[in-house]
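For reference, my_file-v6.tsv (TSV, C-alpha atoms):
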chain	number	residue	atom	x	y	z
A	165	MET	CA	-30.49	14.32	17.77
A	166	ALA	CA	-28.33	15.02	14.67
A	167	GLU	CA	-27.29	12.20	12.39
A	168	ALA	CA	-23.66	11.13	12.12
A	169	ILE	CA	-24.12	8.50	9.41
A	170	ARG	CA	-27.09	7.47	7.33
A	171	VAL	CA	-27.13	4.21	5.40
A	172	GLU	CA	-29.88	4.38	2.79
A	173	ASN	CA	-31.13	1.24	1.09
A	174	VAL	CA	-27.57	-0.07	0.64
A	175	THR	CA	-27.03	-3.25	-1.30
A	176	LYS	CA	-23.64	-4.80	-1.97
A	177	ARG	CA	-23.16	-7.71	-4.33
A	178	PHE	CA	-20.00	-9.67	-5.10
A	179	GLY	CA	-20.97	-11.40	-8.32
A	180	GLU	CA	-24.00	-13.52	-7.46
A	181	VAL	CA	-23.48	-13.22	-3.70
A	182	VAL	CA	-25.56	-10.57	-1.96
A	183	ALA	CA	-23.45	-9.40	0.99
A	184	LEU	CA	-25.74	-6.51	1.97
A	185	ASP	CA	-29.42	-6.50	1.13
A	186	ARG	CA	-31.21	-3.13	1.26
A	187	ILE	CA	-29.79	-1.94	4.56
A	188	ASN	CA	-31.32	1.17	6.13
A	189	ILE	CA	-29.84	2.50	9.37
A	190	SER	CA	-29.30	5.89	10.86
A	191	PHE	CA	-26.59	6.49	13.47
A	192	GLU	CA	-27.05	9.52	15.70
A	193	LYS	CA	-24.27	11.59	17.20
A	194	GLY	CA	-23.18	10.85	20.75
A	195	LYS	CA	-24.39	7.25	20.89
A	196	ILE	CA	-22.82	3.82	20.89
A	197	TYR	CA	-24.29	1.32	18.45
A	198	GLY	CA	-23.72	-2.41	18.42
A	199	ILE	CA	-23.90	-4.59	15.34
A	200	ILE	CA	-24.13	-8.27	16.11
A	201	GLY	CA	-24.38	-11.30	13.89
A	202	ARG	CA	-22.60	-14.48	13.00
A	203	ASN	CA	-19.44	-14.61	10.91
A	204	GLY	CA	-20.34	-13.90	7.29
A	205	SER	CA	-23.55	-12.07	8.20
A	206	GLY	CA	-22.29	-8.88	6.53
A	207	LYS	CA	-21.01	-6.78	9.46
A	208	THR	CA	-17.54	-6.16	8.05
A	209	VAL	CA	-18.92	-5.48	4.55
A	210	LEU	CA	-21.30	-2.93	6.07
A	211	PHE	CA	-18.43	-1.27	7.94
A	212	LYS	CA	-16.21	-1.18	4.85
A	213	THR	CA	-19.07	0.34	2.87
A	214	MET	CA	-19.60	3.04	5.51
A	215	ILE	CA	-15.89	3.89	5.46
A	216	GLY	CA	-15.83	4.05	1.64
A	217	TYR	CA	-13.59	1.02	1.07
A	218	LEU	CA	-16.41	-0.74	-0.80
A	219	LYS	CA	-18.79	1.08	-3.11
A	220	PRO	CA	-22.39	-0.04	-2.72
A	221	THR	CA	-24.03	-1.74	-5.68
A	222	GLY	CA	-27.16	0.21	-4.80
A	223	GLY	CA	-28.17	2.85	-2.26
A	224	ARG	CA	-25.92	5.36	-0.56
A	225	VAL	CA	-24.03	6.19	2.61
A	226	VAL	CA	-24.15	9.77	3.88
A	227	VAL	CA	-21.68	10.99	6.51
A	228	GLY	CA	-22.76	14.33	7.91
A	229	GLU	CA	-24.06	16.01	4.78
A	230	LYS	CA	-21.70	14.32	2.35
A	231	GLU	CA	-22.31	11.22	0.30
A	232	ILE	CA	-19.52	8.67	0.25
A	233	GLY	CA	-18.31	7.97	-3.28
A	234	LYS	CA	-19.97	11.10	-4.65
A	235	ASP	CA	-19.04	14.15	-2.55
A	236	ILE	CA	-16.14	12.44	-0.78
A	237	ASP	CA	-14.24	9.16	-1.11
A	238	PHE	CA	-13.66	8.69	2.63
A	239	ALA	CA	-14.97	10.63	5.62
A	240	ASP	CA	-12.36	12.90	7.18
A	241	ASN	CA	-13.67	12.55	10.73
A	242	MET	CA	-13.50	8.78	11.21
A	243	GLY	CA	-11.31	6.38	13.11
A	244	ILE	CA	-11.51	2.69	12.30
A	245	ILE	CA	-10.49	-0.82	13.19
A	246	ILE	CA	-11.34	-3.44	10.62
A	247	GLU	CA	-10.22	-7.06	10.85
A	248	ASN	CA	-6.95	-7.85	12.60
A	249	PRO	CA	-4.89	-4.68	12.92
A	250	GLY	CA	-1.93	-4.76	10.52
A	251	PHE	CA	1.14	-2.69	11.30
A	252	LEU	CA	4.72	-2.28	10.15
A	253	SER	CA	6.27	-5.08	12.18
A	254	ARG	CA	9.83	-3.69	12.21
A	255	TYR	CA	8.70	-0.37	13.67
A	256	THR	CA	7.83	0.38	17.30
A	257	GLY	CA	4.21	1.12	18.20
A	258	TYR	CA	4.99	4.84	18.41
A	259	LYS	CA	6.68	4.85	14.99
A	260	ASN	CA	3.66	3.13	13.45
A	261	LEU	CA	1.31	5.76	14.82
A	262	GLU	CA	3.69	8.53	13.78
A	263	TYR	CA	3.65	7.15	10.23
A	264	LEU	CA	-0.16	7.08	10.16
A	265	ALA	CA	-0.43	10.53	11.75
A	266	SER	CA	1.93	11.95	9.12
A	267	ILE	CA	-0.75	11.38	6.45
A	268	ARG	CA	-3.34	13.81	7.81
A	269	LYS	CA	-0.88	15.96	9.75
A	270	LEU	CA	-3.56	16.84	12.29
A	271	ILE	CA	-1.68	15.88	15.43
A	272	GLY	CA	1.80	15.97	16.89
A	273	ARG	CA	3.93	13.85	19.20
A	274	GLU	CA	1.97	14.69	22.33
A	275	GLN	CA	-1.35	13.44	20.99
A	276	ILE	CA	0.28	10.25	19.73
A	277	ARG	CA	1.86	9.61	23.11
A	278	GLU	CA	-1.42	10.42	24.85
A	279	SER	CA	-3.42	7.97	22.74
A	280	MET	CA	-0.89	5.20	23.43
A	281	GLU	CA	-0.96	5.86	27.16
A	282	ARG	CA	-4.75	5.92	27.05
A	283	VAL	CA	-4.84	2.32	25.82
A	284	GLY	CA	-2.12	1.22	28.24
A	285	LEU	CA	0.87	1.14	25.88
A	286	ASP	CA	4.23	2.72	26.63
A	287	PRO	CA	5.11	5.22	23.88
A	288	ASP	CA	8.79	5.04	24.86
A	289	SER	CA	8.98	1.27	24.53
A	290	ARG	CA	11.53	0.10	21.97
A	291	LYS	CA	9.68	-3.14	21.40
A	292	LYS	CA	8.91	-3.72	17.73
A	293	VAL	CA	5.30	-4.39	16.77
A	294	GLY	CA	6.40	-7.75	15.33
A	295	LYS	CA	7.01	-8.83	18.96
A	296	TYR	CA	3.63	-7.55	20.19
A	297	SER	CA	0.98	-9.96	21.48
A	298	LEU	CA	-2.44	-9.96	19.82
A	299	GLY	CA	-3.80	-7.91	22.73
A	300	MET	CA	-1.05	-5.28	22.37
A	301	ARG	CA	-1.70	-5.03	18.63
A	302	GLN	CA	-5.37	-4.57	19.35
A	303	ARG	CA	-4.58	-1.79	21.83
A	304	LEU	CA	-2.37	-0.15	19.23
A	305	GLY	CA	-5.22	-0.49	16.72
A	306	ILE	CA	-7.51	1.35	19.12
A	307	ALA	CA	-4.85	4.01	19.72
A	308	GLN	CA	-4.55	4.70	15.98
A	309	ALA	CA	-8.34	4.89	15.69
A	310	ILE	CA	-8.74	7.47	18.48
A	311	MET	CA	-5.50	9.46	18.18
A	312	GLU	CA	-6.83	12.12	15.79
A	313	ASN	CA	-9.92	12.69	17.94
A	314	PRO	CA	-12.42	11.61	15.25
A	315	ASP	CA	-16.17	12.23	15.60
A	316	ILE	CA	-17.06	8.74	14.41
A	317	LEU	CA	-15.45	5.45	15.38
A	318	ILE	CA	-16.08	2.27	13.43
A	319	LEU	CA	-14.71	-0.67	15.36
A	320	ASP	CA	-14.92	-4.23	14.11
A	321	GLU	CA	-14.34	-6.58	17.05
A	322	PRO	CA	-12.24	-4.10	19.07
A	323	MET	CA	-12.00	-6.45	22.08
A	324	ASN	CA	-10.40	-9.28	20.08
A	325	GLY	CA	-7.42	-10.71	21.92
A	326	LEU	CA	-7.71	-8.40	24.93
A	327	ASP	CA	-7.46	-9.69	28.49
A	328	ASN	CA	-10.03	-8.68	31.16
A	329	GLN	CA	-8.09	-5.56	32.08
A	330	GLY	CA	-7.82	-4.60	28.41
A	331	VAL	CA	-11.54	-5.11	27.86
A	332	ASN	CA	-12.35	-2.90	30.85
A	333	ASP	CA	-9.90	-0.22	29.65
A	334	VAL	CA	-11.45	-0.18	26.18
A	335	ARG	CA	-14.97	-0.06	27.62
A	336	ASP	CA	-13.97	2.98	29.73
A	337	ILE	CA	-12.43	4.66	26.68
A	338	LEU	CA	-15.54	4.09	24.57
A	339	LEU	CA	-17.87	5.36	27.31
A	340	GLY	CA	-15.60	8.40	27.71
A	341	LEU	CA	-15.79	9.05	23.97
A	342	LYS	CA	-19.57	8.84	24.10
A	343	LYS	CA	-19.61	11.49	26.81
A	344	GLU	CA	-17.53	13.68	24.49
A	345	GLY	CA	-20.30	13.38	21.89
A	346	LYS	CA	-18.57	10.87	19.61
A	347	THR	CA	-20.49	8.24	17.69
A	348	VAL	CA	-19.23	4.71	18.14
A	349	ILE	CA	-20.34	1.81	15.95
A	350	LEU	CA	-18.94	-1.51	17.02
A	351	ALA	CA	-19.29	-5.13	16.10
A	352	SER	CA	-18.71	-7.68	18.80
A	353	HIS	CA	-19.35	-11.33	19.48
A	354	ASN	CA	-19.33	-10.62	23.21
A	355	LYS	CA	-22.87	-10.08	24.52
A	356	GLU	CA	-21.57	-8.41	27.67
A	357	ASP	CA	-19.72	-5.73	25.67
A	358	ILE	CA	-22.88	-5.02	23.77
A	359	GLU	CA	-25.04	-4.87	26.90
A	360	VAL	CA	-22.64	-2.68	28.85
A	361	LEU	CA	-21.79	-0.26	26.05
A	362	CYS	CA	-24.50	0.08	23.47
A	363	ASP	CA	-27.53	2.35	23.35
A	364	THR	CA	-28.95	0.57	20.32
A	365	VAL	CA	-28.18	-2.86	18.92
A	366	TYR	CA	-28.80	-4.15	15.39
A	367	GLU	CA	-28.54	-7.76	14.39
A	368	MET	CA	-27.48	-8.88	10.94
A	369	GLU	CA	-28.18	-12.14	9.20
A	370	HIS	CA	-27.38	-13.04	5.60
A	371	GLY	CA	-26.72	-9.38	4.76
A	372	ARG	CA	-29.98	-8.13	6.22
A	373	LEU	CA	-30.96	-6.34	9.39
A	374	VAL	CA	-33.24	-8.57	11.43
B	109	MET	CA	37.65	-4.04	-18.06
B	110	SER	CA	35.65	-7.26	-18.29
B	111	GLU	CA	36.71	-8.16	-14.77
B	112	SER	CA	34.76	-5.25	-13.34
B	113	VAL	CA	31.67	-6.54	-11.54
B	114	PHE	CA	29.99	-3.18	-12.17
B	115	ILE	CA	30.36	-3.54	-15.94
B	116	ARG	CA	29.27	-7.17	-15.90
B	117	LEU	CA	26.13	-6.46	-13.88
B	118	PHE	CA	25.03	-3.07	-15.20
B	119	ALA	CA	26.43	-2.51	-18.71
B	120	GLY	CA	24.30	-5.23	-20.28
B	121	VAL	CA	24.98	-8.05	-22.70
B	122	PRO	CA	27.56	-7.35	-25.44
B	123	SER	CA	26.20	-7.46	-28.97
B	124	ASP	CA	28.92	-9.76	-30.31
B	125	TYR	CA	26.82	-12.89	-29.85
B	126	PHE	CA	25.03	-14.35	-32.83
B	127	GLU	CA	22.01	-16.66	-32.88
B	128	ALA	CA	22.51	-18.18	-29.41
B	129	ILE	CA	21.21	-16.48	-26.24
B	130	PRO	CA	24.30	-15.45	-24.25
B	131	LEU	CA	23.35	-17.16	-21.02
B	132	ILE	CA	26.12	-16.09	-18.65
B	133	PRO	CA	26.16	-12.34	-19.48
B	134	PHE	CA	22.37	-12.44	-19.62
B	135	GLY	CA	22.20	-14.07	-16.18
B	136	GLN	CA	24.58	-11.43	-14.83
B	137	TRP	CA	22.34	-8.70	-16.24
B	138	LEU	CA	19.24	-10.23	-14.68
B	139	LEU	CA	20.86	-10.59	-11.25
B	140	PRO	CA	20.59	-6.92	-10.12
B	141	ILE	CA	17.19	-6.67	-11.84
B	142	GLY	CA	16.03	-9.58	-9.69
B	143	PHE	CA	17.39	-7.94	-6.52
B	144	PHE	CA	15.74	-4.69	-7.49
B	145	LEU	CA	12.32	-6.31	-8.05
B	146	LEU	CA	12.53	-8.32	-4.84
B	147	THR	CA	13.41	-5.25	-2.78
B	148	VAL	CA	10.65	-3.12	-4.27
B	149	GLY	CA	8.26	-6.07	-3.82
B	150	PHE	CA	9.27	-6.53	-0.18
B	151	TYR	CA	8.42	-2.91	0.64
B	152	ALA	CA	5.16	-3.12	-1.30
B	153	GLU	CA	4.10	-6.15	0.72
B	154	ARG	CA	5.16	-4.54	3.98
B	155	ASN	CA	3.17	-1.35	3.35
B	156	ARG	CA	0.11	-3.30	2.26
B	157	LYS	CA	-0.30	-4.56	5.84
B	158	VAL	CA	-0.98	-1.07	7.10
B	159	GLU	CA	-3.08	0.06	4.12
B	160	ILE	CA	-6.37	-0.58	5.90
B	161	PHE	CA	-5.43	2.13	8.42
B	162	SER	CA	-3.71	4.48	6.00
B	163	LEU	CA	-5.94	4.60	2.89
B	164	TYR	CA	-8.93	6.43	4.41
B	165	ARG	CA	-6.61	9.00	6.00
B	166	TYR	CA	-5.75	10.36	2.54
B	167	GLY	CA	-9.34	11.57	2.12
B	168	THR	CA	-9.53	10.81	-1.59
B	169	VAL	CA	-8.38	7.86	-3.66
B	170	SER	CA	-6.66	10.13	-6.18
B	171	ASP	CA	-4.64	11.79	-3.40
B	172	TRP	CA	-3.64	8.34	-2.12
B	173	TRP	CA	-2.63	7.24	-5.63
B	174	THR	CA	-0.52	10.34	-6.29
B	175	LYS	CA	1.40	10.05	-3.01
B	176	HIS	CA	1.64	6.26	-3.21
B	177	PHE	CA	2.96	6.38	-6.77
B	178	VAL	CA	5.55	9.06	-6.04
B	179	LYS	CA	6.72	7.31	-2.86
B	180	ARG	CA	7.12	3.98	-4.59
B	181	VAL	CA	8.98	5.43	-7.58
B	182	ILE	CA	11.33	7.25	-5.19
B	183	LEU	CA	11.84	3.96	-3.37
B	184	GLY	CA	12.72	2.41	-6.74
B	185	ILE	CA	15.26	5.18	-7.44
B	186	LYS	CA	16.83	4.75	-3.99
B	187	THR	CA	17.02	0.97	-4.41
B	188	ALA	CA	18.58	1.27	-7.88
B	189	MET	CA	21.13	3.82	-6.66
B	190	LEU	CA	21.98	1.70	-3.66
B	191	LEU	CA	22.63	-1.34	-5.88
B	192	LEU	CA	24.82	0.74	-8.17
B	193	LEU	CA	26.74	2.15	-5.22
B	194	ILE	CA	27.26	-1.21	-3.52
B	195	VAL	CA	28.68	-2.82	-6.64
B	196	LEU	CA	30.74	0.26	-7.46
B	197	THR	CA	32.22	0.24	-3.96
B	198	CYS	CA	33.06	-3.46	-4.27
B	199	ASP	CA	34.84	-2.77	-7.56
B	200	ILE	CA	36.77	0.15	-6.05
B	201	VAL	CA	37.80	-1.92	-3.03
B	202	MET	CA	38.98	-4.71	-5.32
B	203	GLY	CA	40.82	-2.20	-7.52
B	204	LYS	CA	38.86	-3.08	-10.66
B	205	LEU	CA	37.77	0.40	-11.73
B	206	ILE	CA	41.07	2.26	-11.87
B	207	LEU	CA	41.20	2.41	-15.68
B	208	LEU	CA	37.58	3.41	-16.26
B	209	SER	CA	36.49	7.03	-16.71
B	210	ALA	CA	33.81	8.64	-14.55
B	211	GLY	CA	31.86	9.60	-17.69
B	212	PHE	CA	31.75	5.99	-18.83
B	213	LEU	CA	30.46	4.83	-15.44
B	214	ALA	CA	27.93	7.67	-15.37
B	215	LYS	CA	26.50	6.67	-18.76
B	216	ILE	CA	26.04	3.06	-17.60
B	217	SER	CA	24.47	4.22	-14.33
B	218	VAL	CA	22.06	6.69	-15.94
B	219	LEU	CA	20.75	4.13	-18.43
B	220	TRP	CA	20.28	1.53	-15.69
B	221	LEU	CA	18.66	4.08	-13.40
B	222	PHE	CA	16.12	5.23	-16.01
B	223	HIS	CA	15.30	1.62	-16.79
B	224	SER	CA	14.76	0.91	-13.07
B	225	ILE	CA	12.48	3.94	-12.72
B	226	SER	CA	10.23	2.72	-15.51
B	227	MET	CA	10.22	-0.74	-13.92
B	228	ALA	CA	9.27	0.75	-10.54
B	229	ALA	CA	6.40	2.62	-12.23
B	230	PHE	CA	5.15	-0.59	-13.89
B	231	PHE	CA	5.44	-2.28	-10.51
B	232	VAL	CA	3.19	0.26	-8.75
B	233	LEU	CA	0.65	0.09	-11.55
B	234	LEU	CA	0.48	-3.72	-11.73
B	235	ASP	CA	0.31	-3.87	-7.95
B	236	LEU	CA	-3.21	-2.39	-8.17
B	237	PHE	CA	-4.53	-5.45	-9.96
B	238	PRO	CA	-5.33	-8.89	-8.53
B	239	ILE	CA	-2.03	-10.26	-9.92
B	240	ARG	CA	-0.13	-8.24	-7.30
B	241	ARG	CA	1.71	-11.23	-5.78
B	242	PHE	CA	3.14	-12.14	-9.16
B	243	VAL	CA	4.29	-8.67	-10.16
B	244	PRO	CA	8.04	-9.23	-9.55
B	245	GLY	CA	7.86	-12.43	-11.62
B	246	VAL	CA	5.85	-10.76	-14.38
B	247	LEU	CA	8.35	-7.90	-14.69
B	248	PHE	CA	11.30	-10.28	-14.54
B	249	LEU	CA	9.74	-12.25	-17.40
B	250	LEU	CA	9.03	-9.06	-19.36
B	251	GLU	CA	12.68	-8.09	-19.05
B	252	GLY	CA	13.93	-11.56	-20.00
B	253	MET	CA	11.49	-12.32	-22.79
B	254	THR	CA	11.84	-8.98	-24.56
B	255	PHE	CA	15.61	-9.27	-24.40
B	256	MET	CA	15.51	-12.74	-25.94
B	257	ILE	CA	13.14	-11.60	-28.68
B	258	GLY	CA	15.51	-8.70	-29.39
B	259	CYS	CA	18.43	-11.11	-29.65
B	260	ARG	CA	16.59	-13.39	-32.06
B	261	ILE	CA	14.94	-10.77	-34.25
B	262	CYS	CA	17.44	-8.07	-34.99
B	263	ALA	CA	14.91	-5.81	-36.76
B	264	VAL	CA	12.91	-5.26	-33.57
B	265	SER	CA	15.75	-5.27	-31.05
B	266	HIS	CA	15.72	-1.46	-30.58
B	267	ALA	CA	12.06	-1.61	-29.63
B	268	MET	CA	12.54	-4.31	-27.02
B	269	TYR	CA	12.10	-3.19	-23.41
B	270	GLY	CA	14.63	-5.72	-22.12
B	271	MET	CA	17.41	-3.98	-24.09
B	272	TRP	CA	16.74	-0.44	-22.91
B	273	GLY	CA	18.83	-0.38	-19.77
B	274	MET	CA	21.93	-1.84	-21.45
B	275	TYR	CA	24.78	0.51	-22.24
B	276	LEU	CA	26.37	-2.11	-24.48
B	277	ARG	CA	23.22	-2.20	-26.66
B	278	SER	CA	22.88	1.57	-26.87
B	279	SER	CA	24.06	4.23	-29.29
B	280	LEU	CA	26.50	5.38	-26.59
B	281	ASN	CA	28.56	2.27	-27.18
B	282	GLU	CA	31.00	2.21	-30.09
B	283	THR	CA	29.21	-0.75	-31.74
B	284	GLY	CA	25.97	1.24	-31.81
B	285	GLY	CA	22.47	0.32	-30.72
B	286	PHE	CA	19.16	1.83	-29.66
B	287	PRO	CA	18.98	5.67	-29.73
B	288	VAL	CA	19.51	6.71	-26.08
B	289	GLY	CA	17.57	10.01	-26.24
B	290	VAL	CA	14.49	8.37	-27.74
B	291	ILE	CA	14.56	5.54	-25.22
B	292	ILE	CA	14.93	7.85	-22.22
B	293	VAL	CA	11.98	9.92	-23.44
B	294	THR	CA	9.99	6.70	-24.03
B	295	GLU	CA	10.73	5.51	-20.49
B	296	ALA	CA	9.62	8.89	-19.13
B	297	VAL	CA	6.39	8.54	-21.14
B	298	LEU	CA	5.89	5.03	-19.72
B	299	LEU	CA	6.28	6.47	-16.22
B	300	ALA	CA	3.63	9.12	-16.87
B	301	ALA	CA	1.37	6.59	-18.60
B	302	SER	CA	1.58	4.21	-15.62
B	303	PHE	CA	0.46	7.02	-13.34
B	304	ALA	CA	-2.42	8.04	-15.62
B	305	VAL	CA	-3.63	4.47	-16.21
B	306	GLY	CA	-3.59	3.79	-12.45
B	307	ARG	CA	-5.58	6.95	-11.75
B	308	GLU	CA	-8.22	6.07	-14.35
B	309	TYR	CA	-8.42	2.48	-13.13
B	310	LEU	CA	-9.03	3.62	-9.55
B	311	LYS	CA	-11.82	5.95	-10.69
B	312	LYS	CA	-13.72	2.92	-11.99
B	313	GLU	CA	-12.77	0.58	-9.14
B	314	THR	CA	-15.52	-0.19	-6.63
B	315	ASP	CA	-13.66	-2.17	-3.98
B	316	TYR	CA	-10.46	-0.69	-2.59
B	317	ILE	CA	-9.84	-3.06	0.32
Now, as a test, write the supplied structure out as structure tokens.
Amino acid sequence: MAEAIRVENVTKRFGEVVALDRINISFEKGKIYGIIGRNGSGKTVLFKTMIGYLKPTGGRVVVGEKEIGKDIDFADNMGIIIENPGFLSRYTGYKNLEYLASIRKLIGREQIRESMERVGLDPDSRKKVGKYSLGMRQRLGIAQAIMENPDILILDEPMNGLDNQGVNDVRDILLGLKKEGKTVILASHNKEDIEVLCDTVYEMEHGRLV
Amino acid sequence: MSESVFIRLFAGVPSDYFEAIPLIPFGQWLLPIGFFLLTVGFYAERNRKVEIFSLYRYGTVSDWWTKHFVKRVILGIKTAMLLLLIVLTCDIVMGKLILLSAGFLAKISVLWLFHSISMAAFFVLLDLFPIRRFVPGVLFLLEGMTFMIGCRICAVSHAMYGMWGMYLRSSLNETGGFPVGVIIVTEAVLLAASFAVGREYLKKETDYI
């Protein structure tokens, strides 16, 4: 099967601290991958490096045929959630997504509304994001990640703060995306999420794959 | 004329003070500058929250920088104009501006506006560096310190950034002062330089978020 992302011998250092130590992974199209590991094991650093937010100290990340940091700064076919989703708190959920969608200009109102409905949020709600619960913010984070129909999804703890219904909804969405041929790479502390969703699981410890 | 709030806040500190730092007119000058920096800082902080979701959507860092820089400078212009308008409206409502000509008010406004634009450009540039939380304070100090140096050392007063937005310290005023044309060009150069320095810095940067 074709590769979506290839991480080749990637090392990332912050001063003396080695956050990633010679990581080699290949992610194929149409599969769901799980990255597990304790806090500080390097999962988020790996994700940020794959997105292009951190440049590796050594090695390279290739998305499709293009090398991050050389051919492109950021992949144009990605959707992401990293850390706790941050939004403009005085805007509604819809307005936040509209603002983000206005950058790439790939989608219109309908797709924004659709992605919100898909995660169980009301696009017509006048509630400001500042009044959202953690679970609602997380749903909105997922909506922004999927709204432009990206080929690759990088999701760092996407189930954070979700209730049982929310977790089931997100699982269904991710399995649906897999059927559409999308590549999903997710980090989760929840073993059940990993078991139910992932085709392949990698574990990280002290910046290494174990 | 001196009763006009607009003049007191935006025309600058009169040059008829010797040796001592004119605290009250100086404080009045710094007041709208402080509001301006706080407003621009508030929006910078607000947009930073969503940067993790917005940055990668620009595709390239240089595209992000260009749009980010332009947006933030426009925000600075809007904020500066809003402050000018609010104070002008207050003066009109209180009947303090009846004797002043539109040309006179325009000269004050243009100088203040250009000064604000250069400050907004510095703000966006400094916001890239780890000192970002202190940027409003740093710029406020730059404004204050350079003005005080200009007051103390007459020979360098025309070259002091803190003087450049003040009508009363400019060649447009009857008492004379810094050459307005040169200063406006210099502030335009500072704007372009801020953009170029930011772009070069980002090329060498390894960690964006």
Pick out the chain B residues within 9 Å of chain A. Count only C-alpha atoms. Give them as a VMD selection string.
-> chain B and resid 154 to 169 313 to 317
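For the choices A:Glu321, A:Glu281, A:Glu262, A:Glu367, the atom-to-atom distance to Ile189 of chain A is smallest for A:Glu367 when using only C-alpha atoms.
In this model, the gap between atom CA of Lys342 of chain A and atom CA of Ile318 of chain A comes to 13.0 Å.
Of the listed residues B:Arg277, B:Val195, B:Met227, B:Arg241, the one whose atoms come nearest to Gly258 of chain B is B:Arg277, with distances taken using only C-alpha atoms.
Note that atom CA of Gly273 of chain B and atom CA of Trp220 of chain B are 4.7 Å apart.
Distance-wise, atom CA of Phe242 of chain B and atom CA of Phe230 of chain B end up 12.6 Å apart.
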Local residues around (-1.4, 4.0, -13.6), at most 10 Å away, using all atoms listed in the file, as an MDAnalysis selection string | chainID B and resid 173:174 177 229:236 298:310
Given the choices B:Leu138, B:Val113, B:Val264, B:Val178, which gets closest to Leu193 of chain B if the distance is worked out from all atoms listed in the file?
-> B:Val113
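Closest approach to Asp333 of chain A from the set A:His353, A:Arg282, A:Arg290, A:Arg372 is made by A:Arg282, with distances taken over only C-alpha atoms.
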Name the residues in contact with Ile169 of chain A at a cut-off of 8 Å, using all atoms listed in the file, excluding same-chain residues fewer than 6 positions from it; report them as an MDAnalysis selection string.
-> chainID A and resid 190:192 225:228
Test item: which residues lie within 10 Å of (-20.8, 5.1, 22.9) counting all atoms listed in the file, as a list of chain:residue names | A:Lys193, A:Gly194, A:Lys195, A:Ile196, A:Tyr197, A:Gly198, A:Ile316, A:Leu317, A:Arg335, A:Asp336, A:Ile337, A:Leu338, A:Leu339, A:Gly340, A:Leu341, A:Lys342, A:Lys343, A:Glu344, A:Gly345, A:Lys346, A:Thr347, A:Val348, A:Ile349, A:Leu350, A:Val360, A:Leu361, A:Cys362, A:Asp363, A:Thr364
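Using only C-alpha atoms, the contacts of segment 293-301 of chain A at a cut-off of 6 Å, with sequence neighbours closer than 6 positions omitted, comprise Ser253, Thr256, Gly257, Gly325 and Leu326 of chain A.
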B:Ile115, B:Ile185, B:Ile216, B:Ile291 ranked by distance to Ala228 of chain B, top pick (using all atoms listed in the file) = B:Ile185
